[in-house]
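Student: Let me give you the structure first, and then I'll get to my questions.
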Amino acid sequence: MSNRVTITDHATGKSIDLETIEPTLGARLIDIQPLFRELGLLTYDPGFTATASCSSTITYLDGAKGELLYRGYPIEQLVEQSSFIETCFLLLCGHLPSKAELDQFSSEVLQESLLQEEMKRFFEGFRPNAHPMAIMVGVVGALSAFYHDFQDIHDPQNRKHSAKLLVAKMATIAAWSYRYANGLPFTYPRGDYNYVENFLHMMFSLPTNDYTPNPLAVRALEVIMISHADHEQNASTSTVRLAGSSEANPFASIAAGIGSLWGPAHGGANEAVIRMLEEIRASDQPLEHYIERAKDRKDRFRLMGFGHRIYKNYDPRAKILRKLCHEVVEGCKTTKETQELLELALRLEQVALEDEYFKQRKLYPNVDFYSGIIMLSIGIPLNMFTVIFAMARTVGWVSQWNEMFGDGHSKIGRPRQCYTGVEERDYLPMKQRKK
């Protein structure tokens, strides 16, 4: 197989040989860096759907096969045998830890999970009805005002420490965002709880009623967080890399990623699933009415939580969460309203898995469909769905951010554009302009 590709510009008759790059897994890539220098040509790729912006050793996904690997380990094995904190170590360090390494890492994360007491004032500066994601963006960015010593991004040890610090504090920031928005006193992490248990404890415990995390809820949230820990160069990860490429500090870079994740087309998709179910439940139309609307190309209505931009086969994370979803729905006590939504969701799932229209187009329920139902079942409020996504994805973001600074080919991001505006023209004095 040739390791070069010839590009010919038929307008000028000039040709250039471009080298190809062989990845460990996945399609060959063309190194187009000489294209502009030699032929004066740029590539046009809206959404960067066919452009690799970096090389990475962290996560690999194959949409056609429905395959997702963290550092080479299949996601199915990690959710079955690993914990979220061990997955964090794997993504950050590149290998599975020994018991001693895991114990030390867990202890360090727990110690770093406390927030500076002065940071309470940042929460108190928001309106009581502020969305928890708005609070999260602001508070994470504000961490840079407290940790000046770890902002030397060219020091590998500083990067390692700031990565660990962000993973640790994100659970507390997420839980406190919920507490503040609900007028509840802040709760601190406990030394006898693991990462996920502590998050649930900090969310739901009260001075008048101690909260003991439900093991099924803990396991469900653990699986969701492992499944969302990283997902290659998606919108928010690319945002973190782009912000970091300017040598912005890690806290500013991660805050930028949170802002990108907030969009309903990205991290807000599981929240959109529940809102869709609420709309269907509140209407006087049967489920079949909405199924037919989804099939009508002229109708703007879409079934949220079905299909995936990358996965053209079944999303491997959805397979994992589907089984867990049914266990959680059966094992958790819910309100009558929530139970009706869950029953509606499972009926919708059955239609999508059996209807030829959905099967032919491979519109399978995706990870957002099941994660939304699971979180609703275990009592997570709707406006916290994306917050939990951000908490889980933080380790992927900081792993990618740290890797970027160890890459000798990395440079400040500067995409080009296809300009379609007017050509150069002269400025007209006011008196000469047409009314």
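Following the order of the structure tokens, first chain is A, next is B, and so on, with residues numbered from 1 inside each chain and ligands from 1 in the order they appear.
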Would you return as a count of residues only the members of range 259-389 of chain A that DSSP assigns to helix (DSSP H, G or I) on this structure's backbone?
Tutor: 85
Student: With a distance cut-off of 9 Å and only C-alpha atoms, select the neighbouring residues of Leu114 in chain A, excluding the residue or stretch itself and same-chain residues fewer than 6 positions from it, and output the selection as number ranges by chain.
Tutor: A: 168-169, 172, 188-189
Student: Got a sec: who's within 12 Å of range 293-295 of chain A, counting only C-alpha atoms, leaving out chain neighbours fewer than 5 positions off, as a PDB file with N, CA and C atoms, in the first residue's frame?
Tutor:
ATOM      1  N   ILE A 280     -45.115  14.479  25.445  1.00  0.00           N
ATOM      2  CA  ILE A 280     -45.997  13.416  24.961  1.00  0.00           C
ATOM      3  C   ILE A 280     -47.014  13.042  26.032  1.00  0.00           C
ATOM      4  N   GLN A 285     -52.617  13.076  22.748  1.00  0.00           N
ATOM      5  CA  GLN A 285     -52.359  12.228  21.597  1.00  0.00           C
ATOM      6  C   GLN A 285     -51.689  10.917  22.032  1.00  0.00           C
ATOM      7  N   PRO A 286     -52.008   9.814  21.354  1.00  0.00           N
ATOM      8  CA  PRO A 286     -51.339   8.546  21.682  1.00  0.00           C
ATOM      9  C   PRO A 286     -49.886   8.570  21.207  1.00  0.00           C
ATOM     10  N   LEU A 287     -49.077   7.674  21.725  1.00  0.00           N
ATOM     11  CA  LEU A 287     -47.667   7.598  21.363  1.00  0.00           C
ATOM     12  C   LEU A 287     -47.488   7.421  19.857  1.00  0.00           C
ATOM     13  N   GLU A 288     -48.380   6.648  19.246  1.00  0.00           N
ATOM     14  CA  GLU A 288     -48.284   6.375  17.810  1.00  0.00           C
ATOM     15  C   GLU A 288     -48.333   7.667  16.980  1.00  0.00           C
ATOM     16  N   ARG A 300     -41.131  19.007  11.761  1.00  0.00           N
ATOM     17  CA  ARG A 300     -39.872  19.320  12.454  1.00  0.00           C
ATOM     18  C   ARG A 300     -39.705  18.537  13.758  1.00  0.00           C
ATOM     19  N   PHE A 301     -40.728  17.819  14.170  1.00  0.00           N
ATOM     20  CA  PHE A 301     -40.627  17.040  15.402  1.00  0.00           C
ATOM     21  C   PHE A 301     -39.632  15.895  15.233  1.00  0.00           C
ATOM     22  N   ARG A 302     -38.781  15.712  16.214  1.00  0.00           N
ATOM     23  CA  ARG A 302     -37.810  14.615  16.208  1.00  0.00           C
ATOM     24  C   ARG A 302     -37.868  13.884  17.540  1.00  0.00           C
ATOM     25  N   LEU A 303     -37.704  12.572  17.472  1.00  0.00           N
ATOM     26  CA  LEU A 303     -37.616  11.785  18.696  1.00  0.00           C
ATOM     27  C   LEU A 303     -36.221  11.954  19.275  1.00  0.00           C
ATOM     28  N   MET A 304     -36.131  12.560  20.434  1.00  0.00           N
ATOM     29  CA  MET A 304     -34.847  12.785  21.076  1.00  0.00           C
ATOM     30  C   MET A 304     -34.334  11.478  21.686  1.00  0.00           C
ATOM     31  N   PHE A 306     -32.446   9.182  19.956  1.00  0.00           N
ATOM     32  CA  PHE A 306     -32.372   8.093  18.971  1.00  0.00           C
ATOM     33  C   PHE A 306     -31.348   8.442  17.896  1.00  0.00           C
ATOM     34  N   LEU A 348     -41.749   3.471  24.065  1.00  0.00           N
ATOM     35  CA  LEU A 348     -41.091   4.112  22.931  1.00  0.00           C
ATOM     36  C   LEU A 348     -39.866   3.303  22.503  1.00  0.00           C
ATOM     37  N   ALA A 352     -39.104   1.581  18.755  1.00  0.00           N
ATOM     38  CA  ALA A 352     -37.892   1.873  17.998  1.00  0.00           C
ATOM     39  C   ALA A 352     -37.091   0.616  17.672  1.00  0.00           C
ATOM     40  N   ASP A 355     -39.812  -1.398  14.982  1.00  0.00           N
ATOM     41  CA  ASP A 355     -40.347  -0.743  13.789  1.00  0.00           C
ATOM     42  C   ASP A 355     -39.300  -0.739  12.674  1.00  0.00           C
ATOM     43  N   GLU A 356     -39.682  -1.178  11.478  1.00  0.00           N
ATOM     44  CA  GLU A 356     -38.748  -1.283  10.354  1.00  0.00           C
ATOM     45  C   GLU A 356     -38.188   0.081   9.960  1.00  0.00           C
ATOM     46  N   TYR A 357     -38.978   1.125  10.107  1.00  0.00           N
ATOM     47  CA  TYR A 357     -38.503   2.474   9.750  1.00  0.00           C
ATOM     48  C   TYR A 357     -37.252   2.821  10.554  1.00  0.00           C
ATOM     49  N   PHE A 358     -37.291   2.581  11.869  1.00  0.00           N
ATOM     50  CA  PHE A 358     -36.161   2.890  12.733  1.00  0.00           C
ATOM     51  C   PHE A 358     -35.013   1.909  12.528  1.00  0.00           C
ATOM     52  N   ARG A 361     -32.969   2.626   9.322  1.00  0.00           N
ATOM     53  CA  ARG A 361     -32.165   3.842   9.439  1.00  0.00           C
ATOM     54  C   ARG A 361     -31.228   3.801  10.638  1.00  0.00           C
ATOM     55  N   LEU A 363     -31.817   3.926  13.739  1.00  0.00           N
ATOM     56  CA  LEU A 363     -32.159   4.918  14.756  1.00  0.00           C
ATOM     57  C   LEU A 363     -32.443   4.205  16.073  1.00  0.00           C
TER      58      LEU A 363
END
Student: Using only C-alpha atoms, can you tell me which of A:Pro365, A:Gly307, A:Gly259, A:Gly372 comes closest to Ile224 in chain A?
Tutor: A:Gly372
Student: Between A:Lys160, A:Glu101, A:Ala27, A:Arg37, which one has atoms that come closest to Ala52 in chain A, using only C-alpha atoms?
Tutor: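 Checking each of A:Lys160, A:Glu101, A:Ala27, A:Arg37 against Ala52 in chain A, counting only C-alpha atoms, the winner is A:Ala27.
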Student: Near range 141-150 of chain A, counting only C-alpha atoms, which residues have an atom at most 12 Å away, once you skip same-chain residues fewer than 2 positions from it, shown as an NGL selection string?
Tutor: :A and (112 or 115-123 or 134-139 or 152-166 or 169-170 or 173 or 248-259)
Student: Excluding range 380-382 of chain A and any residue of its chain fewer than 2 positions from it, enumerate the residues within 12 Å of it, using only C-alpha atoms, and give them as a ChimeraX atom specification.
Tutor: /A:131-133,175,178-179,181-182,199-200,203-204,217-218,220-221,268-275,278,334,338,371-378,384-388
Student: Write out, as a compact mmCIF listing (two decimals), in the first residue's frame, the residues just selected, with N, CA, C and O atoms.
Tutor:
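For reference, again37.txt as written:
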# COMPACT_ATOMS: atom_id res chain seq x y z
N HIS A 131 -29.47 28.38 36.76
CA HIS A 131 -29.28 27.00 36.34
C HIS A 131 -27.95 26.49 36.90
O HIS A 131 -26.94 27.22 36.87
N PRO A 132 -27.90 25.27 37.43
CA PRO A 132 -26.65 24.74 37.98
C PRO A 132 -25.48 24.77 37.00
O PRO A 132 -24.33 24.91 37.42
N MET A 133 -25.76 24.67 35.70
CA MET A 133 -24.66 24.73 34.73
C MET A 133 -24.06 26.13 34.67
O MET A 133 -22.85 26.29 34.48
N ALA A 175 -22.42 19.27 43.21
CA ALA A 175 -23.39 19.08 44.29
C ALA A 175 -23.80 20.42 44.92
O ALA A 175 -24.98 20.65 45.20
N TYR A 178 -26.37 22.36 42.97
CA TYR A 178 -27.73 21.89 43.25
C TYR A 178 -28.21 22.41 44.60
O TYR A 178 -29.34 22.89 44.73
N ARG A 179 -27.35 22.34 45.61
CA ARG A 179 -27.75 22.77 46.95
C ARG A 179 -28.14 24.25 46.95
O ARG A 179 -29.16 24.62 47.52
N ALA A 181 -29.07 26.17 44.42
CA ALA A 181 -30.27 26.43 43.62
C ALA A 181 -31.54 26.02 44.35
O ALA A 181 -32.63 26.49 44.02
N ASN A 182 -31.40 25.14 45.35
CA ASN A 182 -32.57 24.67 46.10
C ASN A 182 -32.62 25.22 47.53
O ASN A 182 -33.41 24.73 48.35
N PHE A 199 -20.74 12.19 46.04
CA PHE A 199 -21.53 13.13 45.25
C PHE A 199 -23.00 13.04 45.65
O PHE A 199 -23.66 14.07 45.89
N LEU A 200 -23.55 11.84 45.75
CA LEU A 200 -24.95 11.67 46.13
C LEU A 200 -25.18 12.15 47.56
O LEU A 200 -26.21 12.77 47.86
N MET A 203 -25.32 15.88 47.58
CA MET A 203 -26.54 16.38 46.97
C MET A 203 -27.75 16.26 47.89
O MET A 203 -28.53 17.19 48.06
N PHE A 204 -27.90 15.09 48.50
CA PHE A 204 -29.19 14.74 49.10
C PHE A 204 -29.24 14.70 50.63
O PHE A 204 -30.32 14.66 51.20
N ALA A 217 -28.53 2.94 43.10
CA ALA A 217 -28.34 4.28 42.55
C ALA A 217 -26.86 4.59 42.36
O ALA A 217 -26.46 5.20 41.36
N VAL A 218 -26.05 4.17 43.33
CA VAL A 218 -24.61 4.39 43.24
C VAL A 218 -24.03 3.66 42.02
O VAL A 218 -23.27 4.23 41.23
N ALA A 220 -25.64 2.62 39.37
CA ALA A 220 -26.18 3.19 38.14
C ALA A 220 -25.43 4.45 37.74
O ALA A 220 -25.05 4.63 36.57
N LEU A 221 -25.20 5.33 38.71
CA LEU A 221 -24.50 6.57 38.41
C LEU A 221 -23.04 6.30 38.07
O LEU A 221 -22.46 6.98 37.21
N GLY A 268 -26.84 18.42 26.63
CA GLY A 268 -28.22 18.58 27.06
C GLY A 268 -29.19 17.60 26.44
O GLY A 268 -30.41 17.69 26.65
N ALA A 269 -28.66 16.63 25.68
CA ALA A 269 -29.54 15.72 24.94
C ALA A 269 -30.37 14.82 25.86
O ALA A 269 -31.54 14.55 25.57
N ASN A 270 -29.79 14.35 26.98
CA ASN A 270 -30.57 13.47 27.86
C ASN A 270 -31.69 14.24 28.57
O ASN A 270 -32.75 13.70 28.87
N GLU A 271 -31.44 15.53 28.84
CA GLU A 271 -32.50 16.37 29.40
C GLU A 271 -33.62 16.55 28.38
O GLU A 271 -34.80 16.56 28.73
N ALA A 272 -33.23 16.69 27.10
CA ALA A 272 -34.21 16.86 26.04
C ALA A 272 -35.10 15.63 25.89
O ALA A 272 -36.27 15.72 25.53
N VAL A 273 -34.53 14.44 26.18
CA VAL A 273 -35.31 13.20 26.12
C VAL A 273 -36.47 13.26 27.12
O VAL A 273 -37.62 12.96 26.78
N ILE A 274 -36.18 13.66 28.34
CA ILE A 274 -37.22 13.71 29.38
C ILE A 274 -38.25 14.79 29.05
O ILE A 274 -39.46 14.59 29.24
N ARG A 275 -37.81 15.92 28.54
CA ARG A 275 -38.75 16.98 28.17
C ARG A 275 -39.68 16.51 27.04
O ARG A 275 -40.87 16.85 27.02
N GLU A 278 -42.21 14.27 28.62
CA GLU A 278 -43.20 15.08 29.35
C GLU A 278 -44.20 15.70 28.39
O GLU A 278 -45.40 15.77 28.69
N THR A 334 -40.38 5.42 42.78
CA THR A 334 -40.56 6.69 42.08
C THR A 334 -41.98 7.21 42.29
O THR A 334 -42.87 6.48 42.71
N THR A 338 -43.39 10.19 37.64
CA THR A 338 -42.15 9.64 37.09
C THR A 338 -42.37 8.26 36.53
O THR A 338 -41.84 7.91 35.46
N SER A 371 -29.62 7.16 29.77
CA SER A 371 -29.06 7.86 30.93
C SER A 371 -30.09 8.82 31.54
O SER A 371 -30.17 8.97 32.76
N GLY A 372 -30.90 9.45 30.69
CA GLY A 372 -31.94 10.34 31.20
C GLY A 372 -32.96 9.60 32.03
O GLY A 372 -33.36 10.06 33.11
N ILE A 373 -33.38 8.43 31.56
CA ILE A 373 -34.37 7.64 32.29
C ILE A 373 -33.80 7.15 33.61
O ILE A 373 -34.46 7.17 34.65
N ILE A 374 -32.54 6.70 33.57
CA ILE A 374 -31.90 6.20 34.80
C ILE A 374 -31.81 7.31 35.84
O ILE A 374 -32.15 7.10 37.02
N MET A 375 -31.33 8.47 35.44
CA MET A 375 -31.16 9.56 36.41
C MET A 375 -32.50 10.03 36.96
O MET A 375 -32.61 10.35 38.15
N LEU A 376 -33.51 10.05 36.12
CA LEU A 376 -34.84 10.39 36.61
C LEU A 376 -35.30 9.36 37.65
O LEU A 376 -35.89 9.71 38.67
N SER A 377 -35.00 8.09 37.40
CA SER A 377 -35.42 7.01 38.30
C SER A 377 -34.76 7.11 39.67
O SER A 377 -35.36 6.75 40.69
N ILE A 378 -33.51 7.56 39.72
CA ILE A 378 -32.80 7.60 41.00
C ILE A 378 -32.94 8.96 41.68
O ILE A 378 -32.26 9.23 42.68
N MET A 384 -29.98 18.90 36.60
CA MET A 384 -28.68 18.38 37.01
C MET A 384 -28.12 17.35 36.02
O MET A 384 -26.98 16.89 36.19
N PHE A 385 -28.89 16.97 35.01
CA PHE A 385 -28.43 15.95 34.08
C PHE A 385 -27.12 16.35 33.40
O PHE A 385 -26.15 15.59 33.36
N THR A 386 -27.08 17.57 32.84
CA THR A 386 -25.88 18.01 32.13
C THR A 386 -24.74 18.27 33.10
O THR A 386 -23.56 18.10 32.75
N VAL A 387 -25.06 18.67 34.32
CA VAL A 387 -24.04 18.88 35.35
C VAL A 387 -23.30 17.57 35.63
O VAL A 387 -22.07 17.53 35.73
N ILE A 388 -24.04 16.47 35.74
CA ILE A 388 -23.43 15.17 35.99
C ILE A 388 -22.59 14.74 34.79
O ILE A 388 -21.51 14.15 34.94
Student: What does the structure give for the distance between CA of Tyr364 in chain A and CA of Asp315 in chain A, in Å to one decimal?
Tutor: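 Distance reported for this atom pair: 8.0 Å.
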Student: Quick one: pull the distance between CA of Glu76 in chain A and CA of Leu92 in chain A, Å, one decimal.
Tutor: 19.3 Å
